[in-house]
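Structure file query_20.cif; described as mmCIF, C-alpha atoms.
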data_query
#
loop_
_atom_site.label_atom_id
_atom_site.label_comp_id
_atom_site.auth_asym_id
_atom_site.auth_seq_id
_atom_site.Cartn_x
_atom_site.Cartn_y
_atom_site.Cartn_z
CA MET Q 59 -26.15 -0.01 -15.76
CA GLU Q 60 -26.67 -1.17 -12.18
CA LEU Q 61 -24.64 -3.69 -10.20
CA GLU Q 62 -25.98 -5.54 -7.18
CA VAL Q 63 -23.30 -5.50 -4.48
CA GLY Q 64 -24.51 -7.46 -1.48
CA ASP Q 65 -27.52 -5.61 -0.14
CA ARG Q 66 -26.76 -2.44 -2.12
CA THR Q 67 -27.07 -1.28 -5.70
CA VAL Q 68 -24.44 0.82 -7.47
CA ARG Q 69 -25.10 2.56 -10.76
CA ILE Q 70 -22.22 2.53 -13.25
CA SER Q 71 -22.31 5.30 -15.83
CA ASN Q 72 -20.33 5.03 -19.09
CA PRO Q 73 -19.71 1.30 -18.50
CA ASP Q 74 -18.20 0.84 -21.98
CA ARG Q 75 -15.58 3.57 -21.60
CA VAL Q 76 -12.16 2.02 -22.23
CA TYR Q 77 -9.95 2.56 -19.19
CA PHE Q 78 -7.05 0.24 -20.09
CA PRO Q 79 -6.09 0.41 -23.78
CA ALA Q 80 -3.57 -2.47 -23.82
CA ARG Q 81 -6.40 -5.05 -23.93
CA GLY Q 82 -9.39 -2.74 -24.16
CA GLU Q 83 -10.80 -3.27 -20.66
CA THR Q 84 -13.58 -0.90 -19.69
CA LYS Q 85 -14.90 0.82 -16.61
CA LEU Q 86 -17.38 -2.06 -16.21
CA ASP Q 87 -14.52 -4.58 -16.44
CA LEU Q 88 -12.79 -2.68 -13.63
CA ALA Q 89 -15.92 -2.79 -11.46
CA ARG Q 90 -16.37 -6.51 -12.12
CA TYR Q 91 -12.73 -7.14 -11.21
CA TYR Q 92 -13.17 -5.43 -7.83
CA LEU Q 93 -16.33 -7.45 -7.26
CA ALA Q 94 -14.40 -10.66 -7.94
CA VAL Q 95 -11.75 -9.81 -5.30
CA SER Q 96 -14.07 -7.89 -2.99
CA GLU Q 97 -13.27 -9.92 0.13
CA GLY Q 98 -9.55 -9.22 -0.25
CA VAL Q 99 -9.73 -5.55 -1.20
CA VAL Q 100 -12.19 -4.76 1.61
CA ARG Q 101 -9.88 -6.47 4.10
CA ALA Q 102 -6.98 -4.34 2.83
CA LEU Q 103 -8.97 -1.10 3.10
CA TYR Q 104 -11.23 -1.79 6.06
CA GLU Q 105 -11.80 1.32 8.19
CA ARG Q 106 -8.67 3.06 6.90
CA PRO Q 107 -8.58 6.65 5.59
CA CYS Q 108 -8.17 6.16 1.85
CA MET Q 109 -6.87 8.46 -0.87
CA LEU Q 110 -8.31 7.79 -4.31
CA HIS Q 111 -6.39 7.93 -7.59
CA ARG Q 112 -9.07 8.78 -10.14
CA PHE Q 113 -8.82 8.69 -13.94
CA PRO Q 114 -12.02 10.27 -15.32
CA THR Q 115 -11.24 9.40 -18.94
CA GLY Q 116 -9.13 6.28 -18.45
CA VAL Q 117 -5.55 5.69 -17.38
CA THR Q 118 -4.00 7.50 -20.35
CA GLY Q 119 -5.81 10.70 -19.38
CA GLU Q 120 -5.72 13.09 -16.45
CA LYS Q 121 -4.98 11.62 -13.01
CA VAL Q 122 -6.65 13.11 -9.94
CA HIS Q 123 -5.28 12.48 -6.43
CA GLN Q 124 -8.31 12.87 -4.20
CA LYS Q 125 -8.17 12.90 -0.42
CA ARG Q 126 -11.64 14.29 0.21
CA LEU Q 127 -14.61 12.07 -0.53
CA PRO Q 128 -16.02 13.00 -3.96
CA ARG Q 129 -19.40 14.69 -3.92
CA GLY Q 130 -22.56 12.73 -4.51
CA ALA Q 131 -21.80 9.75 -2.27
CA PRO Q 132 -24.74 7.62 -1.13
CA ASP Q 133 -25.61 7.95 2.54
CA TRP Q 134 -24.18 4.48 3.23
CA VAL Q 135 -20.64 5.49 2.21
CA GLN Q 136 -18.66 6.25 5.37
CA THR Q 137 -15.78 8.64 5.97
CA VAL Q 138 -13.08 9.34 8.54
CA ARG Q 139 -11.74 12.78 9.42
CA VAL Q 140 -7.98 13.25 9.19
CA GLU Q 141 -6.00 16.34 10.15
CA PHE Q 142 -3.16 17.99 8.26
CA PRO Q 143 -1.53 20.14 10.96
CA ARG Q 144 1.18 21.47 8.67
CA TYR Q 145 -1.50 23.23 6.61
CA ASN Q 146 -4.05 23.71 9.41
CA ARG Q 147 -6.59 21.77 7.35
CA HIS Q 148 -8.57 18.56 7.53
CA ALA Q 149 -10.37 16.21 5.16
CA TYR Q 150 -13.07 13.56 5.31
CA GLU Q 151 -11.61 10.60 3.44
CA LEU Q 152 -13.34 7.47 2.21
CA CYS Q 153 -13.52 4.76 4.89
CA VAL Q 154 -14.36 1.41 3.27
CA THR Q 155 -16.57 -0.95 5.28
CA HIS Q 156 -18.51 -2.73 2.49
CA PRO Q 157 -17.74 -3.94 -1.07
CA ALA Q 158 -20.25 -1.42 -2.43
CA ASP Q 159 -18.01 1.40 -1.20
CA VAL Q 160 -15.27 0.17 -3.53
CA ILE Q 161 -17.63 -0.16 -6.51
CA TRP Q 162 -19.05 3.31 -5.88
CA ALA Q 163 -15.48 4.65 -5.91
CA VAL Q 164 -14.99 2.94 -9.30
CA GLN Q 165 -18.15 4.69 -10.49
CA MET Q 166 -16.38 7.91 -9.49
CA SER Q 167 -13.49 6.85 -11.83
CA THR Q 168 -11.20 5.49 -9.09
CA VAL Q 169 -8.62 2.98 -10.32
CA GLU Q 170 -6.13 2.94 -7.42
CA PHE Q 171 -6.85 2.80 -3.68
CA HIS Q 172 -4.17 4.20 -1.36
CA PRO Q 173 -5.04 3.67 2.33
CA TRP Q 174 -3.30 4.92 5.45
CA ASN Q 175 -1.58 2.35 7.66
CA SER Q 176 -3.88 3.29 10.56
CA ARG Q 177 -7.62 2.89 11.13
CA ARG Q 178 -10.35 5.31 12.11
CA ALA Q 179 -10.49 4.09 15.73
CA ASP Q 180 -7.23 6.04 16.17
CA VAL Q 181 -5.76 7.41 12.96
CA GLU Q 182 -2.60 8.50 14.81
CA LYS Q 183 -1.64 4.93 15.83
CA PRO Q 184 -0.68 2.70 12.88
CA ASP Q 185 -1.51 -1.00 13.00
CA GLU Q 186 0.40 -1.82 9.82
CA TRP Q 187 4.17 -1.70 9.25
CA ARG Q 188 4.97 -1.44 5.55
CA ILE Q 189 8.23 -2.60 3.97
CA ASP Q 190 8.62 -1.17 0.46
CA LEU Q 191 11.37 -2.69 -1.69
CA ASP Q 192 11.95 0.04 -4.26
CA PRO Q 193 14.46 -0.75 -7.04
CA MET Q 194 16.57 2.06 -8.43
CA PRO Q 195 16.65 2.54 -12.25
CA GLN Q 196 19.35 -0.04 -13.01
CA ALA Q 197 18.03 -2.68 -10.59
CA GLY Q 198 15.60 -5.35 -11.77
CA PHE Q 199 12.97 -7.53 -10.18
CA ALA Q 200 15.59 -10.24 -9.70
CA ASP Q 201 17.37 -7.84 -7.31
CA VAL Q 202 14.09 -7.18 -5.51
CA ARG Q 203 13.64 -10.94 -5.10
CA ARG Q 204 17.09 -11.23 -3.48
CA VAL Q 205 16.33 -8.41 -1.03
CA ALA Q 206 12.96 -10.01 -0.28
CA GLU Q 207 14.78 -13.19 0.71
CA VAL Q 208 16.93 -11.27 3.18
CA THR Q 209 13.86 -9.42 4.44
CA HIS Q 210 12.08 -12.72 5.05
CA GLU Q 211 15.10 -14.03 6.94
CA VAL Q 212 15.18 -11.03 9.29
CA LEU Q 213 11.41 -11.13 9.85
CA ASP Q 214 11.62 -14.80 10.77
CA GLU Q 215 14.35 -14.10 13.31
CA LEU Q 216 12.17 -11.39 14.85
CA GLY Q 217 9.16 -13.69 14.99
CA ALA Q 218 7.21 -11.34 12.72
CA VAL Q 219 4.91 -12.60 9.94
CA GLY Q 220 5.34 -10.73 6.67
CA TRP Q 221 2.66 -10.68 3.97
CA PRO Q 222 4.23 -9.96 0.56
CA LYS Q 223 2.61 -8.54 -2.55
CA THR Q 224 3.81 -7.16 -5.83
CA SER Q 225 3.65 -3.38 -5.98
CA GLY Q 226 2.06 -3.40 -9.41
CA GLY Q 227 5.22 -1.69 -10.62
CA LYS Q 228 8.85 -2.82 -10.38
CA GLY Q 229 8.99 -3.38 -6.63
CA MET Q 230 7.48 -5.38 -3.82
CA HIS Q 231 5.62 -4.54 -0.62
CA ILE Q 232 5.64 -6.60 2.57
CA TYR Q 233 3.11 -5.82 5.31
CA VAL Q 234 3.33 -6.73 8.98
CA ARG Q 235 0.37 -6.26 11.31
CA ILE Q 236 1.47 -4.48 14.49
CA GLU Q 237 -0.06 -3.48 17.80
CA PRO Q 238 -1.51 0.05 17.46
CA ASP Q 239 0.35 1.43 20.46
CA HIS Q 240 2.96 3.65 18.78
CA GLY Q 241 2.76 6.84 16.77
CA PHE Q 242 3.96 7.27 13.20
CA SER Q 243 7.41 8.53 14.19
CA ASP Q 244 8.14 5.42 16.27
CA VAL Q 245 6.86 3.09 13.55
CA ARG Q 246 9.07 4.85 10.99
CA ARG Q 247 12.02 4.67 13.40
CA ALA Q 248 11.50 0.93 13.89
CA ALA Q 249 11.15 0.45 10.13
CA HIS Q 250 14.43 2.31 9.61
CA ALA Q 251 16.21 0.07 12.12
CA PHE Q 252 14.88 -2.98 10.27
CA ALA Q 253 16.03 -1.52 6.93
CA ARG Q 254 19.54 -1.00 8.34
CA GLU Q 255 19.70 -4.66 9.32
CA VAL Q 256 18.62 -5.73 5.84
CA GLU Q 257 21.28 -3.41 4.39
CA ARG Q 258 23.97 -5.00 6.60
CA ARG Q 259 23.09 -8.46 5.35
CA ALA Q 260 22.43 -7.62 1.71
CA GLY Q 261 25.63 -5.63 1.23
CA GLU Q 262 25.83 -3.40 -1.83
CA LEU Q 263 22.48 -4.67 -3.08
CA VAL Q 264 20.71 -2.30 -0.65
CA ASP Q 265 21.46 1.42 -0.42
CA LEU Q 266 19.71 3.50 2.26
CA THR Q 267 21.29 6.81 1.23
CA TRP Q 268 18.66 9.47 1.92
CA TRP Q 269 18.77 11.44 -1.35
CA ARG Q 270 17.61 9.40 -4.31
CA LYS Q 271 20.11 11.04 -6.66
CA ASP Q 272 22.99 9.86 -4.44
CA ARG Q 273 21.98 6.18 -4.29
CA ASP Q 274 23.64 3.43 -6.27
CA PRO Q 275 21.44 3.18 -9.40
CA ALA Q 276 21.77 -0.63 -9.34
CA SER Q 277 20.57 -0.96 -5.73
CA VAL Q 278 17.26 -1.46 -3.93
CA PHE Q 279 15.99 1.10 -1.43
CA VAL Q 280 14.16 -0.38 1.59
CA ASP Q 281 11.76 2.53 1.92
CA TYR Q 282 10.93 3.00 5.60
CA ASN Q 283 9.32 6.36 4.77
CA GLN Q 284 6.14 4.58 3.70
CA ASN Q 285 5.40 4.43 7.43
CA ALA Q 286 5.36 8.20 7.84
CA ARG Q 287 2.09 9.98 8.54
CA ASP Q 288 -0.09 10.48 5.45
CA HIS Q 289 2.25 8.44 3.23
CA THR Q 290 0.23 5.90 1.30
CA ILE Q 291 0.82 3.12 -1.21
CA ALA Q 292 -1.54 1.05 -3.31
CA CYS Q 293 -3.31 -1.58 -1.24
CA ALA Q 294 -3.48 -5.30 -1.86
CA TYR Q 295 -5.62 -6.01 -4.94
CA SER Q 296 -5.50 -2.38 -6.08
CA VAL Q 297 -5.30 -2.00 -9.83
CA ARG Q 298 -2.56 0.35 -11.00
CA GLY Q 299 -3.16 3.18 -13.42
CA VAL Q 300 -1.31 1.69 -16.39
CA PRO Q 301 -2.66 0.53 -19.78
CA GLU Q 302 -2.01 -3.15 -18.92
CA ALA Q 303 -4.24 -2.99 -15.80
CA VAL Q 304 -1.58 -4.57 -13.58
CA VAL Q 305 -2.64 -5.39 -10.01
CA SER Q 306 -0.77 -5.09 -6.71
CA ALA Q 307 -1.15 -8.79 -6.01
CA PRO Q 308 -0.66 -10.78 -2.80
CA ILE Q 309 1.75 -13.65 -3.34
CA THR Q 310 3.24 -16.35 -1.14
CA TRP Q 311 6.89 -16.39 -0.15
CA ASP Q 312 7.29 -19.58 -2.19
CA GLU Q 313 6.02 -17.81 -5.32
CA ILE Q 314 8.55 -15.00 -5.18
CA PRO Q 315 11.37 -16.79 -7.11
CA ASP Q 316 9.16 -17.21 -10.17
CA ALA Q 317 6.63 -14.39 -9.92
CA GLU Q 318 6.66 -11.49 -12.38
CA PRO Q 319 4.67 -8.31 -11.67
CA SER Q 320 3.13 -8.45 -15.15
CA ASP Q 321 1.57 -11.86 -14.33
CA PHE Q 322 -1.13 -10.19 -12.23
CA THR Q 323 -3.79 -8.16 -14.05
CA ILE Q 324 -7.54 -7.65 -13.91
CA ALA Q 325 -7.71 -10.36 -16.58
CA THR Q 326 -5.85 -13.00 -14.54
CA MET Q 327 -6.59 -12.16 -10.90
CA PRO Q 328 -10.28 -13.17 -10.65
CA ALA Q 329 -9.52 -16.82 -11.49
CA ARG Q 330 -6.50 -16.77 -9.15
CA PHE Q 331 -8.62 -15.35 -6.34
CA ALA Q 332 -11.37 -17.90 -6.96
CA GLU Q 333 -8.79 -20.69 -6.67
CA LEU Q 334 -6.60 -19.42 -3.82
CA GLY Q 335 -8.82 -16.98 -1.94
CA ASP Q 336 -7.27 -14.00 -0.16
CA LEU Q 337 -3.62 -14.82 0.54
CA HIS Q 338 -3.64 -12.07 3.18
CA ALA Q 339 -6.67 -13.51 4.99
CA GLY Q 340 -4.69 -14.26 8.16
CA ILE Q 341 -2.96 -10.89 8.50
CA ASP Q 342 -5.11 -9.64 11.39
CA ASP Q 343 -4.30 -12.75 13.41
CA ALA Q 344 -0.51 -12.30 13.26
CA VAL Q 345 0.17 -9.19 15.34
CA TYR Q 346 3.76 -8.19 16.10
CA SER Q 347 5.15 -5.87 18.78
CA LEU Q 348 7.70 -3.27 17.67
CA ASP Q 349 9.54 -3.26 21.00
CA GLU Q 350 12.56 -5.23 19.78
CA LEU Q 351 12.95 -3.09 16.67
CA LEU Q 352 12.80 0.07 18.77
CA GLU Q 353 15.59 -1.43 20.90
CA TRP Q 354 17.53 -1.95 17.65
CA ALA Q 355 16.96 1.71 16.83
CA GLU Q 356 18.32 2.81 20.21
CA ARG Q 357 21.33 0.50 19.80
CA ASP Q 358 22.13 1.92 16.37
CA GLU Q 359 21.70 5.51 17.55
CA ARG Q 360 24.11 4.90 20.46
CA ALA Q 361 26.57 3.55 17.91
CA GLY Q 362 26.32 6.77 15.90
CA ALA Q 363 23.64 5.99 13.31
CA GLU Q 364 22.22 9.21 11.92
CA SER Q 365 18.51 9.88 11.97
CA PRO Q 366 17.02 10.63 8.55
CA PRO Q 367 15.55 14.05 7.77
CA PRO Q 368 11.82 14.59 8.36
CA PRO Q 369 9.75 12.49 5.96
CA ASP Q 370 8.16 15.48 4.27
CA GLU Q 371 11.53 16.36 2.74
CA ASP Q 372 11.60 14.82 -0.73
CA SER Q 373 13.99 11.86 -0.91
#

The structure given in the file should be rewritten as structure tokens.
Amino acid sequence: MELEVGDRTVRISNPDRVYFPARGETKLDLARYYLAVSEGVVRALYERPCMLHRFPTGVTGEKVHQKRLPRGAPDWVQTVRVEFPRYNRHAYELCVTHPADVIWAVQMSTVEFHPWNSRRADVEKPDEWRIDLDPMPQAGFADVRRVAEVTHEVLDELGAVGWPKTSGGKGMHIYVRIEPDHGFSDVRRAAHAFAREVERRAGELVDLTWWRKDRDPASVFVDYNQNARDHTIACAYSVRGVPEAVVSAPITWDEIPDAEPSDFTIATMPARFAELGDLHAGIDDAVYSLDELLEWAERDERAGAESPPPPDEDS
């Protein structure tokens, strides 16, 4: 069938194919969900290199991580070239500028959208600082909530505006718009300094030990590595590749004490979006400078804080 998306038409093949077996939602249901939240998901992806997580037969089947734009794209789908110096290679990745780009990606079996934290104007200068609260196996969402409270406290003291969302899994993401005047290494270094401050205040609840196997299994890792080059996480409004069709959902700070990740699915989000709109709508108007955090990093390094290994070493 064909869907009208603004001034463009996108053909959806196999619209009745079940993608999410928990409730029986189909490929067409997925496309209609992204249409319902199109303003928010386009804002989250706009002009960013984007890796696609594709599930050609539904989320219980094979998963394809695709950096290069799939073949057969209409001429209105745009791309951005990104380099991978370690491998002496490059790729032209999807660069969303219109809701139809998202729906076309769904036609190509995309469920999850994983953008870079930089934009095509200068892919080497991030404009988004990402705080990933990642619970270890014995930590629960209640622990994530407590770390989020400390995170909010530190952000407020810095004068930075944080925009929280559920991860669609067990954790939480908080985004801060930043001035695009630093490279990935500096953004990661600033994020690490922030994580150390959260660890100081949260005590044993946060463990920044580098190797995952060495961390306290009941702790939360404040993952600063999500700011490394070519590290991506699911964007706001992205569906996750699980049978329940859970969504990485923007929430307000006031909602955090009662929110549960399972509350937000492709079945519940369209009505929420229609009522509340995009809770991240103001993110581009709240830009923060990393200068103070980089001063924190220098302070900690003078005091003997160790720098973490390169981000491409598996943690």

- Message: So that I can check the surroundings of Phe331 (chain Q), please list as a PyMOL selection string every protein, DNA and RNA residue that reaches within 9 Å of it, counting all atoms listed in the file and ignoring chain neighbours fewer than 6 positions away.
- Response: chain Q and resi 94-95+98+337

CA of Met327 (chain Q) sits from CA of Pro157 (chain Q) at a separation of 17.0 Å

**Selection dump of the PyMOL selection byres ((chain Q and resi 109-113) around 7), as number ranges by chain** = Q: 107-108, 114-117, 119-125, 151, 167-173

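Neighbours of region 189-192 of chain Q closer than or equal to 7 Å, with only C-alpha atoms counted and sequence neighbours fewer than 4 positions away skipped, come out as Val202, Gly229, Met230, His231, Ile232, Tyr233, Val278, Phe279, Val280, Asp281 and Tyr282 of chain Q.
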
Subject >> Explicit residues for the PyMOL selection byres ((chain Q and resi 134) around 10) (as a count of residues only) >> reply: 11

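Closest approach to Val68 (chain Q) among Q:Asn283, Q:Ser96, Q:Ser176, Q:Gln165 is made by Q:Gln165 (distances from all atoms listed in the file).
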
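Taking CA of Asp265 (chain Q) and CA of Ser277 (chain Q) as the two end points, the separation is 5.9 Å.
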
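Within the 9 Å cut-off around Asp342 (chain Q), using only C-alpha atoms and omitting residues fewer than 4 positions from it on the same chain, the listed residues are Arg235, Ile236 and His338 of chain Q.
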
Could you write out the selected residues, including C-alpha atoms, as a CSV table (one decimal), in the frame of the given file?
chain,number,residue,atom,x,y,z
Q,235,ARG,CA,0.4,-6.3,11.3
Q,236,ILE,CA,1.5,-4.5,14.5
Q,338,HIS,CA,-3.6,-12.1,3.2

Skipping near chain neighbours, those fewer than 3 positions away, what residues fall within 10 Å of region 253-260 of chain Q using all atoms listed in the file, listed as a PyMOL selection string? chain Q and resi 189-191+204-213+247-250+263-266+278-282+354-355+358+363

Residues as selected, C-alpha atoms, written as a PDB file, keeping the file's coordinate frame, can you do that?
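Dumped to out.pdb:
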ATOM      1  CA  ILE Q 189       8.230  -2.600   3.970  1.00  0.00           C
ATOM      2  CA  ASP Q 190       8.620  -1.170   0.460  1.00  0.00           C
ATOM      3  CA  LEU Q 191      11.370  -2.690  -1.690  1.00  0.00           C
ATOM      4  CA  ARG Q 204      17.090 -11.230  -3.480  1.00  0.00           C
ATOM      5  CA  VAL Q 205      16.330  -8.410  -1.030  1.00  0.00           C
ATOM      6  CA  ALA Q 206      12.960 -10.010  -0.280  1.00  0.00           C
ATOM      7  CA  GLU Q 207      14.780 -13.190   0.710  1.00  0.00           C
ATOM      8  CA  VAL Q 208      16.930 -11.270   3.180  1.00  0.00           C
ATOM      9  CA  THR Q 209      13.860  -9.420   4.440  1.00  0.00           C
ATOM     10  CA  HIS Q 210      12.080 -12.720   5.050  1.00  0.00           C
ATOM     11  CA  GLU Q 211      15.100 -14.030   6.940  1.00  0.00           C
ATOM     12  CA  VAL Q 212      15.180 -11.030   9.290  1.00  0.00           C
ATOM     13  CA  LEU Q 213      11.410 -11.130   9.850  1.00  0.00           C
ATOM     14  CA  ARG Q 247      12.020   4.670  13.400  1.00  0.00           C
ATOM     15  CA  ALA Q 248      11.500   0.930  13.890  1.00  0.00           C
ATOM     16  CA  ALA Q 249      11.150   0.450  10.130  1.00  0.00           C
ATOM     17  CA  HIS Q 250      14.430   2.310   9.610  1.00  0.00           C
ATOM     18  CA  LEU Q 263      22.480  -4.670  -3.080  1.00  0.00           C
ATOM     19  CA  VAL Q 264      20.710  -2.300  -0.650  1.00  0.00           C
ATOM     20  CA  ASP Q 265      21.460   1.420  -0.420  1.00  0.00           C
ATOM     21  CA  LEU Q 266      19.710   3.500   2.260  1.00  0.00           C
ATOM     22  CA  VAL Q 278      17.260  -1.460  -3.930  1.00  0.00           C
ATOM     23  CA  PHE Q 279      15.990   1.100  -1.430  1.00  0.00           C
ATOM     24  CA  VAL Q 280      14.160  -0.380   1.590  1.00  0.00           C
ATOM     25  CA  ASP Q 281      11.760   2.530   1.920  1.00  0.00           C
ATOM     26  CA  TYR Q 282      10.930   3.000   5.600  1.00  0.00           C
ATOM     27  CA  TRP Q 354      17.530  -1.950  17.650  1.00  0.00           C
ATOM     28  CA  ALA Q 355      16.960   1.710  16.830  1.00  0.00           C
ATOM     29  CA  ASP Q 358      22.130   1.920  16.370  1.00  0.00           C
ATOM     30  CA  ALA Q 363      23.640   5.990  13.310  1.00  0.00           C
TER      31      ALA Q 363
END

Closest of Q:Cys293, Q:Val304, Q:Val234, Q:Ala361 to Ala80 (chain Q), counting all atoms listed in the file, is Q:Val304
